[in-house]
file run-v6.pdb (PDB, C-alpha atoms)
MODEL        1
ATOM      1  CA  MET Y   1       0.000   0.000   0.000  1.00  0.00           C
ATOM      2  CA  PRO Y   2       1.346   3.521  -0.732  1.00  0.00           C
ATOM      3  CA  TRP Y   3       1.968   5.774   2.273  1.00  0.00           C
ATOM      4  CA  ASP Y   4       2.026   9.565   2.520  1.00  0.00           C
ATOM      5  CA  ASP Y   5       5.377   9.740   0.738  1.00  0.00           C
ATOM      6  CA  GLY Y   6       4.070   7.618  -2.140  1.00  0.00           C
ATOM      7  CA  LYS Y   7       6.321   4.645  -1.305  1.00  0.00           C
ATOM      8  CA  THR Y   8       4.791   1.186  -1.312  1.00  0.00           C
ATOM      9  CA  ARG Y   9       5.354  -0.585   1.996  1.00  0.00           C
ATOM     10  CA  TYR Y  10       4.476  -3.867   3.641  1.00  0.00           C
ATOM     11  CA  VAL Y  11       4.191  -4.136   7.421  1.00  0.00           C
ATOM     12  CA  GLY Y  12       2.945  -7.436   8.770  1.00  0.00           C
ATOM     13  CA  GLU Y  13       3.578 -11.122   9.191  1.00  0.00           C
ATOM     14  CA  GLY Y  14       5.680 -13.380   7.023  1.00  0.00           C
ATOM     15  CA  THR Y  15       7.785 -16.534   7.075  1.00  0.00           C
ATOM     16  CA  VAL Y  16      11.526 -16.834   6.456  1.00  0.00           C
ATOM     17  CA  THR Y  17      12.880 -20.129   5.152  1.00  0.00           C
ATOM     18  CA  LEU Y  18      16.344 -20.868   6.480  1.00  0.00           C
ATOM     19  CA  ALA Y  19      18.950 -22.824   4.526  1.00  0.00           C
ATOM     20  CA  ASP Y  20      18.219 -26.025   6.450  1.00  0.00           C
ATOM     21  CA  GLY Y  21      14.552 -25.834   5.405  1.00  0.00           C
ATOM     22  CA  ARG Y  22      13.101 -24.578   8.700  1.00  0.00           C
ATOM     23  CA  ASP Y  23      10.364 -21.960   8.463  1.00  0.00           C
ATOM     24  CA  VAL Y  24      10.634 -19.072  10.942  1.00  0.00           C
ATOM     25  CA  PRO Y  25       7.678 -16.718  11.605  1.00  0.00           C
ATOM     26  CA  VAL Y  26       8.647 -13.035  11.339  1.00  0.00           C
ATOM     27  CA  VAL Y  27       7.219  -9.538  11.505  1.00  0.00           C
ATOM     28  CA  ALA Y  28       8.320  -7.638   8.413  1.00  0.00           C
ATOM     29  CA  ALA Y  29       8.601  -3.891   7.817  1.00  0.00           C
ATOM     30  CA  LEU Y  30       9.520  -3.428   4.146  1.00  0.00           C
ATOM     31  CA  VAL Y  31       9.573  -0.618   1.598  1.00  0.00           C
ATOM     32  CA  LEU Y  32       9.723  -0.690  -2.188  1.00  0.00           C
ATOM     33  CA  LYS Y  33      12.843   1.362  -2.849  1.00  0.00           C
ATOM     34  CA  LEU Y  34      12.881   1.255  -6.632  1.00  0.00           C
ATOM     35  CA  ASP Y  35      10.223   0.716  -9.286  1.00  0.00           C
ATOM     36  CA  PRO Y  36      11.881  -1.427 -11.981  1.00  0.00           C
ATOM     37  CA  GLU Y  37       9.815   0.174 -14.734  1.00  0.00           C
ATOM     38  CA  THR Y  38      11.391   3.598 -14.037  1.00  0.00           C
ATOM     39  CA  VAL Y  39      15.018   2.543 -14.635  1.00  0.00           C
ATOM     40  CA  PRO Y  40      16.334   2.235 -18.198  1.00  0.00           C
ATOM     41  CA  ASP Y  41      18.154  -1.076 -18.816  1.00  0.00           C
ATOM     42  CA  PHE Y  42      17.018  -2.326 -15.417  1.00  0.00           C
ATOM     43  CA  THR Y  43      18.598  -5.532 -14.130  1.00  0.00           C
ATOM     44  CA  TYR Y  44      18.087  -7.167 -10.750  1.00  0.00           C
ATOM     45  CA  ASP Y  45      21.810  -7.924 -10.667  1.00  0.00           C
ATOM     46  CA  ARG Y  46      22.617  -4.220 -10.287  1.00  0.00           C
ATOM     47  CA  HIS Y  47      19.610  -2.752  -8.466  1.00  0.00           C
ATOM     48  CA  THR Y  48      18.053  -3.499  -5.089  1.00  0.00           C
ATOM     49  CA  THR Y  49      14.320  -2.906  -5.321  1.00  0.00           C
ATOM     50  CA  TRP Y  50      13.265  -3.438  -1.704  1.00  0.00           C
ATOM     51  CA  VAL Y  51      14.685  -3.045   1.803  1.00  0.00           C
ATOM     52  CA  GLY Y  52      13.495  -3.175   5.399  1.00  0.00           C
ATOM     53  CA  SER Y  53      13.717  -5.212   8.566  1.00  0.00           C
ATOM     54  CA  LEU Y  54      12.601  -8.599   9.865  1.00  0.00           C
ATOM     55  CA  HIS Y  55      11.994  -9.604  13.485  1.00  0.00           C
ATOM     56  CA  THR Y  56      11.354 -13.044  14.971  1.00  0.00           C
ATOM     57  CA  ASP Y  57      10.176 -14.083  18.439  1.00  0.00           C
ATOM     58  CA  THR Y  58      11.885 -17.450  18.090  1.00  0.00           C
ATOM     59  CA  ASP Y  59      15.418 -18.416  19.086  1.00  0.00           C
ATOM     60  CA  ASP Y  60      16.299 -18.834  15.400  1.00  0.00           C
ATOM     61  CA  ASN Y  61      19.112 -16.770  13.933  1.00  0.00           C
ATOM     62  CA  LEU Y  62      17.946 -14.821  10.881  1.00  0.00           C
ATOM     63  CA  TRP Y  63      21.591 -14.501   9.798  1.00  0.00           C
ATOM     64  CA  ASP Y  64      21.365 -18.257   9.009  1.00  0.00           C
ATOM     65  CA  ALA Y  65      19.301 -17.295   5.957  1.00  0.00           C
ATOM     66  CA  ALA Y  66      22.139 -16.673   3.528  1.00  0.00           C
ATOM     67  CA  PRO Y  67      20.385 -15.690   1.384  1.00  0.00           C
ATOM     68  CA  GLY Y  68      16.931 -16.004   2.922  1.00  0.00           C
ATOM     69  CA  ARG Y  69      13.554 -16.563   1.367  1.00  0.00           C
ATOM     70  CA  LEU Y  70      10.662 -14.467   2.685  1.00  0.00           C
ATOM     71  CA  THR Y  71       7.096 -15.627   2.064  1.00  0.00           C
ATOM     72  CA  LEU Y  72       4.214 -13.252   2.735  1.00  0.00           C
ATOM     73  CA  PRO Y  73       0.618 -14.312   3.554  1.00  0.00           C
ATOM     74  CA  GLY Y  74      -0.545 -13.903  -0.061  1.00  0.00           C
ATOM     75  CA  GLY Y  75       2.010 -16.516  -1.165  1.00  0.00           C
ATOM     76  CA  ARG Y  76       4.451 -14.163  -2.903  1.00  0.00           C
ATOM     77  CA  THR Y  77       8.103 -14.787  -2.087  1.00  0.00           C
ATOM     78  CA  GLY Y  78      11.264 -12.740  -2.212  1.00  0.00           C
ATOM     79  CA  THR Y  79      14.942 -13.413  -1.632  1.00  0.00           C
ATOM     80  CA  PHE Y  80      17.010 -11.208   0.674  1.00  0.00           C
ATOM     81  CA  MET Y  81      20.351 -10.806   2.396  1.00  0.00           C
ATOM     82  CA  SER Y  82      20.625  -9.742   6.033  1.00  0.00           C
ATOM     83  CA  THR Y  83      22.647  -6.548   6.188  1.00  0.00           C
ATOM     84  CA  SER Y  84      22.709  -5.489   9.836  1.00  0.00           C
ATOM     85  CA  GLY Y  85      21.331  -6.140  13.277  1.00  0.00           C
ATOM     86  CA  SER Y  86      21.103  -8.891  15.830  1.00  0.00           C
ATOM     87  CA  PRO Y  87      20.042 -12.506  15.152  1.00  0.00           C
ATOM     88  CA  ASP Y  88      16.355 -11.777  15.825  1.00  0.00           C
ATOM     89  CA  LEU Y  89      16.041  -8.254  14.329  1.00  0.00           C
ATOM     90  CA  VAL Y  90      17.866  -7.843  11.026  1.00  0.00           C
ATOM     91  CA  GLY Y  91      17.974  -5.233   8.335  1.00  0.00           C
ATOM     92  CA  VAL Y  92      17.480  -6.764   4.901  1.00  0.00           C
ATOM     93  CA  SER Y  93      18.201  -5.889   1.298  1.00  0.00           C
ATOM     94  CA  GLY Y  94      16.054  -7.576  -1.323  1.00  0.00           C
ATOM     95  CA  LEU Y  95      17.492  -9.621  -4.161  1.00  0.00           C
ATOM     96  CA  GLY Y  96      15.280  -9.692  -7.212  1.00  0.00           C
ATOM     97  CA  PRO Y  97      11.562  -8.928  -7.367  1.00  0.00           C
ATOM     98  CA  ALA Y  98       9.808  -7.646  -4.231  1.00  0.00           C
ATOM     99  CA  PRO Y  99       7.294 -10.015  -2.596  1.00  0.00           C
ATOM    100  CA  PHE Y 100       4.825  -7.112  -2.183  1.00  0.00           C
ATOM    101  CA  GLY Y 101       3.597  -4.186  -4.255  1.00  0.00           C
ATOM    102  CA  PRO Y 102       2.928  -4.210  -7.996  1.00  0.00           C
ATOM    103  CA  VAL Y 103       3.842  -7.188 -10.133  1.00  0.00           C
ATOM    104  CA  HIS Y 104       6.022  -6.180 -13.088  1.00  0.00           C
ATOM    105  CA  SER Y 105       6.377  -7.915 -16.407  1.00  0.00           C
ATOM    106  CA  ILE Y 106      10.032  -6.987 -16.893  1.00  0.00           C
ATOM    107  CA  GLN Y 107      11.923  -9.883 -18.435  1.00  0.00           C
ATOM    108  CA  THR Y 108      15.392 -10.431 -16.975  1.00  0.00           C
ATOM    109  CA  ASP Y 109      17.927 -13.230 -16.792  1.00  0.00           C
ATOM    110  CA  TRP Y 110      17.957 -12.918 -12.999  1.00  0.00           C
ATOM    111  CA  GLU Y 111      17.871 -16.244 -11.172  1.00  0.00           C
ATOM    112  CA  GLU Y 112      17.118 -16.615  -7.488  1.00  0.00           C
ATOM    113  CA  PRO Y 113      20.238 -17.749  -5.608  1.00  0.00           C
ATOM    114  CA  GLU Y 114      20.194 -21.047  -3.772  1.00  0.00           C
ATOM    115  CA  LEU Y 115      19.956 -20.970   0.001  1.00  0.00           C
ATOM    116  CA  ALA Y 116      23.348 -21.523   1.601  1.00  0.00           C
ATOM    117  CA  LEU Y 117      24.180 -22.705   5.091  1.00  0.00           C
ATOM    118  CA  ASP Y 118      27.314 -21.560   6.854  1.00  0.00           C
ATOM    119  CA  ASP Y 119      27.742 -23.834   9.849  1.00  0.00           C
ATOM    120  CA  ALA Y 120      31.283 -22.705  10.639  1.00  0.00           C
ATOM    121  CA  SER Y 121      31.961 -21.378  14.128  1.00  0.00           C
ATOM    122  CA  PRO Y 122      33.525 -17.947  14.445  1.00  0.00           C
ATOM    123  CA  PRO Y 123      37.305 -17.928  14.870  1.00  0.00           C
ATOM    124  CA  ASP Y 124      38.614 -17.800  18.428  1.00  0.00           C
ATOM    125  CA  GLY Y 125      38.286 -14.342  19.897  1.00  0.00           C
ATOM    126  CA  LEU Y 126      35.567 -13.190  17.476  1.00  0.00           C
ATOM    127  CA  GLY Y 127      32.539 -14.704  19.212  1.00  0.00           C
ATOM    128  CA  LEU Y 128      30.502 -12.973  21.919  1.00  0.00           C
ATOM    129  CA  ASP Y 129      31.796 -13.208  25.482  1.00  0.00           C
ATOM    130  CA  ALA Y 130      29.482 -14.296  28.336  1.00  0.00           C
ATOM    131  CA  ALA Y 131      28.432 -10.727  29.222  1.00  0.00           C
ATOM    132  CA  GLN Y 132      27.612  -9.907  25.582  1.00  0.00           C
ATOM    133  CA  GLN Y 133      25.620 -13.143  25.232  1.00  0.00           C
ATOM    134  CA  ALA Y 134      23.633 -12.324  28.401  1.00  0.00           C
ATOM    135  CA  ALA Y 135      22.893  -8.792  27.130  1.00  0.00           C
ATOM    136  CA  GLU Y 136      21.796 -10.195  23.760  1.00  0.00           C
ATOM    137  CA  ARG Y 137      19.442 -12.711  25.430  1.00  0.00           C
ATOM    138  CA  GLN Y 138      17.950  -9.930  27.585  1.00  0.00           C
ATOM    139  CA  GLU Y 139      17.370  -7.673  24.572  1.00  0.00           C
ATOM    140  CA  ARG Y 140      15.771 -10.532  22.620  1.00  0.00           C
ATOM    141  CA  ALA Y 141      13.445 -11.203  25.567  1.00  0.00           C
ATOM    142  CA  ARG Y 142      12.338  -7.528  25.484  1.00  0.00           C
ATOM    143  CA  ARG Y 143      11.439  -7.790  21.787  1.00  0.00           C
ATOM    144  CA  ARG Y 144       9.341 -10.949  22.084  1.00  0.00           C
ATOM    145  CA  GLY Y 145       5.725 -10.324  21.137  1.00  0.00           C
ATOM    146  CA  MET Y 146       6.319  -6.828  19.744  1.00  0.00           C
ATOM    147  CA  THR Y 147       4.311  -5.823  16.704  1.00  0.00           C
ATOM    148  CA  ALA Y 148       5.870  -4.000  13.765  1.00  0.00           C
ATOM    149  CA  GLY Y 149       4.534  -0.714  15.199  1.00  0.00           C
ATOM    150  CA  ASP Y 150       6.012  -1.470  18.629  1.00  0.00           C
ATOM    151  CA  LEU Y 151       9.387  -2.269  17.058  1.00  0.00           C
ATOM    152  CA  GLN Y 152       9.366   0.920  15.008  1.00  0.00           C
ATOM    153  CA  ALA Y 153       8.492   3.023  18.070  1.00  0.00           C
ATOM    154  CA  ARG Y 154      11.071   1.391  20.364  1.00  0.00           C
ATOM    155  CA  TYR Y 155      13.977   1.345  17.930  1.00  0.00           C
ATOM    156  CA  ARG Y 156      12.986   4.405  15.880  1.00  0.00           C
ATOM    157  CA  VAL Y 157      13.289   2.441  12.660  1.00  0.00           C
ATOM    158  CA  ARG Y 158      14.081   4.786   9.809  1.00  0.00           C
ATOM    159  CA  TRP Y 159      13.369   3.923   6.230  1.00  0.00           C
ATOM    160  CA  ILE Y 160      16.373   4.055   3.943  1.00  0.00           C
ATOM    161  CA  PRO Y 161      15.971   7.129   1.691  1.00  0.00           C
ATOM    162  CA  ASP Y 162      16.440   6.986  -2.063  1.00  0.00           C
TER     163      ASP Y 162
ENDMDL
END
call {"tool": "encode", "arguments": {"input": "run-v6.pdb", "output": "structure tokens"}}
result
Amino acid sequence: MPWDDGKTRYVGEGTVTLADGRDVPVVAALVLKLDPETVPDFTYDRHTTWVGSLHTDTDDNLWDAAPGRLTLPGGRTGTFMSTSGSPDLVGVSGLGPAPFGPVHSIQTDWEEPELALDDASPPDGLGLDAAQQAAERQERARRRGMTAGDLQARYRVRWIPD
């Protein structure tokens, strides 16, 4: 739906499929950053069309979606990469067509990347220490059950400008 600034956004529930096939329920706050029909010689390989954030109340790590597949209630899907944030509240950058907003008939050679799983542990000294892990668990507990509006109010989520 378009908002006051004319941007098409999606705020609501969705499901992220991790590389190992698990489905994780999320709250998504997404914005259509670029309309493919407005860019000459558009290609999904060079342009990100959608961005936003995803939050989960589960103990799953959204960074394990590399890339991730987001499915919205209407059945449309989109592929994304996590770009920032903690394991349960990540910023995302869309790869390929957006799973919300208008459907475009632009023909491209873009192919959705396969889901990849990185099960390697971080090198010694790069993981979180006990105090950082405790703080992360406490912050995750605070976010459990928050709606997209609650998350935006608490963390002052700002949409990425053009």
call {"tool": "atom_distance", "arguments": {"input": "run-v6.pdb", "atom1": "CA of Pro25 in chain Y", "atom2": "CA of Glu139 in chain Y"}}
result
18.5 Å
call {"tool": "resolve_selection", "arguments": {"input": "run-v6.pdb", "expression": "the PyMOL selection byres ((chain Y and resi 87-91) around 6)", "output": "PDB file with C-alpha atoms, in the coordinates of the input"}}
result
ATOM      1  CA  GLY Y  52      13.495  -3.175   5.399  1.00  0.00           C
ATOM      2  CA  SER Y  53      13.717  -5.212   8.566  1.00  0.00           C
ATOM      3  CA  LEU Y  54      12.601  -8.599   9.865  1.00  0.00           C
ATOM      4  CA  HIS Y  55      11.994  -9.604  13.485  1.00  0.00           C
ATOM      5  CA  THR Y  56      11.354 -13.044  14.971  1.00  0.00           C
ATOM      6  CA  ASN Y  61      19.112 -16.770  13.933  1.00  0.00           C
ATOM      7  CA  LEU Y  62      17.946 -14.821  10.881  1.00  0.00           C
ATOM      8  CA  TRP Y  63      21.591 -14.501   9.798  1.00  0.00           C
ATOM      9  CA  SER Y  82      20.625  -9.742   6.033  1.00  0.00           C
ATOM     10  CA  THR Y  83      22.647  -6.548   6.188  1.00  0.00           C
ATOM     11  CA  SER Y  84      22.709  -5.489   9.836  1.00  0.00           C
ATOM     12  CA  GLY Y  85      21.331  -6.140  13.277  1.00  0.00           C
ATOM     13  CA  SER Y  86      21.103  -8.891  15.830  1.00  0.00           C
ATOM     14  CA  VAL Y  92      17.480  -6.764   4.901  1.00  0.00           C
TER      15      VAL Y  92
END
call {"tool": "closest_residue", "arguments": {"input": "run-v6.pdb", "among": "Y:Ala29, Y:Leu151, Y:Ala135, Y:Leu18", "to": "Pro67 in chain Y", "atoms": "all atoms listed in the file"}}
result
Y:Leu18
call {"tool": "residues_around", "arguments": {"input": "run-v6.pdb", "residues": "Gly14 in chain Y", "least_positions_apart": "4", "cutoff": "7 Å", "atoms": "all atoms listed in the file", "output": "PyMOL selection string"}}
result
chain Y and resi 25-28+70-73
call {"tool": "atom_distance", "arguments": {"input": "run-v6.pdb", "atom1": "CA of Val24 in chain Y", "atom2": "CA of Trp50 in chain Y"}}
result
20.3 Å
